[in-house]
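First the structure, in the form of structure tokens, and then the observations on it.
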Amino acid sequence: MVVSAHPEASRIGMEILRKGGNAYDATVATQFALAVAFPVAGNIGGGGFLVYRDHNGQTGTLDYREKAPAAASETMYQDSAGNVIEGLSTDGHLAAGVPGSVDGMVKLHQKLGKLPWAVLVQPAIDLAKQGVVLTEKEAQYLNNTKEAFLRNNKHIPYLAREQAWQAGDTLRHPELAQTLERIRDNGREGFYAGQTADLIAREMERGGGIITKQDLQNYNATWREPIMGKYKGYKVISMGPPSSGGIALVQLLTMMEPYDLGKYGWQSAKSVQLMTEAERRVYADRATYLGDPDFVQTPVQQLLDEAYLKSRMATVDLAKATPSASVKAGALPMHESDQTTHFSIVDQYGNAVSVTTTLNGAYGSKVMVEGAGFLLNNEMDDFSVKPGVPNMFGLVGGKANAIAPNKRMLSSMTPTILEKDGKLYMVVGTPGGSTIITSVFQAILNVVEHGMTMQQAVAAPRFHHQWLPDEIQHEPEAIPADVRAILISKGYKLEERSPYGRVDAILVLPNGKLEAGADPRGDDAAAGF
Ligand code: DON
């Protein structure tokens, strides 16, 4: 089964499984298919993280996160007075980190793939040539971004054509098809060297960017140890730094372990309060301690220490909200989140893959590499551009996540796998910037504590607290009115926001059948056999 943000990508992944390919093969095919069918977040110009568990229970993670170019510096988004220059880390050529997706897929295929590489890239090429029929949502995304595409490119990118896009239009990607052909024929070198690298370097010169051919040559996706945790009878396998996701998720689950959330009830005042108080404390840790482990020491053991987490919860008073300012000072505004994408795969052999991949914001930096047909990420905004200054997700950070040459920016992406009784149980993840961690947290609790099906669990409305700003952000129906009143009387600030996140997950049922959860907030779809 493949569950992804786009029906064409799910279909392509599933067809690879049908051909006898394994979950890793299907991952490669789905990643490239999403770059075509879901350009808002699917990518070859971005990066991601992958968590796997094979049929023997062996686990691992692949970090194909973007890196800062060698010419990047700590204050590159500040003016001479030290003020952050609005938009410089989010739009245009300087916002892009060195892309990691292609090297990630190559490394995955070399280690775990079964079918030939070309077979896995070809379906995306065919799709790019033949075109993808736009849904209502996609046409809207494209039209909403037209101005930004024109502002951030010297040429007119084909995604910003003159007349507005409409549902039912076919969007073809001929130049992207050629780039994918070079990747099909030359693997890593098809992207990080030769014509594609030339086109990227030229694009950088044209737009005042700093990614060089040397940066492309130097890029390396990296296998890393997973973050392991447990929650009641479940084992949690998730992504470690440079993502904060796995550590934060395991912290949250460990902090909930002493409580019987199932008994308190879904979205009861007590459940919401306990989850919020844990989230506030976990995001404060994130801002202070986490960064690229190749550059900063991340105190993983200490952060996951049960006694430490218990002591963090000891300051929770159920009579009233803990002000975030007393957890750690600061009060900051919040911006809307954009797009990333997650997909979950389980194959007929029992292997499971959980992948979250991104350009960061919707369509990344909006910079389209002229002649190569793909968008570059704006992942540099995930660094702390200045201590205490919030990024596009309202997240703050300090030294641990400061910009440095070749460093990876801190992420919230949380591709996760759960085991129960030593067997594969759930594959889960989502986009949503800072809300990724709490959405994965809730999807797990919805199944494990509240007895929902996988589909109900991903569809259920969500809420989120990230320490700063000090408020519970919630989807319209996420918290019942009477519970909201109780929370407000205890000093919580509530902020309604539009629906966020696209959780795509797979649950293994006791009879071995797979149950999909495809998030109804998007065009997400499951395909299986
Ligand atoms: O790595 C991160 O945490 C962010 N770049 C993810 C961005 C994201 O999820 C945007 N999608 N809604």
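Chain lettering (A, B, ...) mirrors the order of the structure tokens, residue numbering begins at 1 for each chain separately, and ligand numbering begins at 1 in order of display.
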For this session: Would you list the contacts of stretch 142-146 of chain A as JSON, numbers by chain, taking every protein, DNA or RNA residue within 9 Å and counting only C-alpha atoms, but skipping same-chain residues closer than 6 positions in sequence?
Result: {"A": [40, 159, 160, 161, 164, 165, 166, 362, 363, 366]}
Expected file: the selected residues, N, CA, C and O atoms, as a PDB file, in the first residue's frame:
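Written out: out28.pdb:
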```
ATOM      1  N   VAL A  40       3.937  21.636  -5.521  1.00  0.00           N
ATOM      2  CA  VAL A  40       3.892  22.542  -4.371  1.00  0.00           C
ATOM      3  C   VAL A  40       4.834  22.073  -3.259  1.00  0.00           C
ATOM      4  O   VAL A  40       5.359  22.878  -2.491  1.00  0.00           O
ATOM      5  N   LEU A 159       4.920  27.445 -14.648  1.00  0.00           N
ATOM      6  CA  LEU A 159       3.840  27.290 -13.678  1.00  0.00           C
ATOM      7  C   LEU A 159       3.006  28.570 -13.568  1.00  0.00           C
ATOM      8  O   LEU A 159       1.906  28.554 -13.029  1.00  0.00           O
ATOM      9  N   ALA A 160       3.548  29.674 -14.093  1.00  0.00           N
ATOM     10  CA  ALA A 160       2.863  30.974 -13.994  1.00  0.00           C
ATOM     11  C   ALA A 160       2.416  31.436 -15.378  1.00  0.00           C
ATOM     12  O   ALA A 160       2.763  32.514 -15.813  1.00  0.00           O
ATOM     13  N   ARG A 161       1.649  30.613 -16.067  1.00  0.00           N
ATOM     14  CA  ARG A 161       1.212  31.018 -17.397  1.00  0.00           C
ATOM     15  C   ARG A 161       0.199  32.168 -17.288  1.00  0.00           C
ATOM     16  O   ARG A 161      -0.345  32.443 -16.209  1.00  0.00           O
ATOM     17  N   ALA A 164      -5.417  32.037 -16.032  1.00  0.00           N
ATOM     18  CA  ALA A 164      -5.494  31.323 -14.753  1.00  0.00           C
ATOM     19  C   ALA A 164      -5.660  29.821 -14.991  1.00  0.00           C
ATOM     20  O   ALA A 164      -6.281  29.390 -15.961  1.00  0.00           O
ATOM     21  N   TRP A 165      -5.085  29.024 -14.094  1.00  0.00           N
ATOM     22  CA  TRP A 165      -5.271  27.569 -14.136  1.00  0.00           C
ATOM     23  C   TRP A 165      -6.655  27.219 -13.628  1.00  0.00           C
ATOM     24  O   TRP A 165      -7.186  27.886 -12.740  1.00  0.00           O
ATOM     25  N   GLN A 166      -7.202  26.149 -14.212  1.00  0.00           N
ATOM     26  CA  GLN A 166      -8.513  25.688 -13.758  1.00  0.00           C
ATOM     27  C   GLN A 166      -8.476  24.186 -13.496  1.00  0.00           C
ATOM     28  O   GLN A 166      -7.688  23.477 -14.128  1.00  0.00           O
ATOM     29  N   ALA A 362       5.295  26.584   0.365  1.00  0.00           N
ATOM     30  CA  ALA A 362       4.646  26.161  -0.872  1.00  0.00           C
ATOM     31  C   ALA A 362       5.493  26.609  -2.067  1.00  0.00           C
ATOM     32  O   ALA A 362       5.861  27.777  -2.163  1.00  0.00           O
ATOM     33  N   TYR A 363       5.849  25.688  -2.938  1.00  0.00           N
ATOM     34  CA  TYR A 363       6.712  25.926  -4.096  1.00  0.00           C
ATOM     35  C   TYR A 363       8.091  26.473  -3.676  1.00  0.00           C
ATOM     36  O   TYR A 363       8.779  27.119  -4.454  1.00  0.00           O
ATOM     37  N   LYS A 366      10.199  29.615  -4.755  1.00  0.00           N
ATOM     38  CA  LYS A 366       9.501  30.039  -5.977  1.00  0.00           C
ATOM     39  C   LYS A 366      10.471  30.161  -7.158  1.00  0.00           C
ATOM     40  O   LYS A 366      10.068  30.527  -8.244  1.00  0.00           O
TER      41      LYS A 366
END
```
Exercise. Within 8 Å of ligand 1, counting only C-alpha atoms and all ligand atoms: which residues, as a ChimeraX atom specification?
Worked result: /A:41,48,243,337-341,358-362,379,381-382,409-413,430-436,500-501
For this session: May I have the residues within 9 Å of A:Lys129 as a VMD selection string, using only C-alpha atoms and disregarding those fewer than 3 positions away in the same chain?
Result: chain A and resid 124 to 126 132 172 to 177
For this session: From a DSSP pass on the backbone, collect the residues of stretch 80-317 of chain A flagged as helix (DSSP H, G or I) and hand them back as a PyMOL selection string.
Result: chain A and resi 93-95+101-112+117-130+136-151+158-160+174-186+189-192+194-207+213-218+245-256+261-264+269-289+300-304+306-313
For this session: Between A:Ser384, A:Glu162, A:Glu279, A:Lys423, single out the one closest to A:Gln442, counting only C-alpha atoms.
Result: A:Glu279
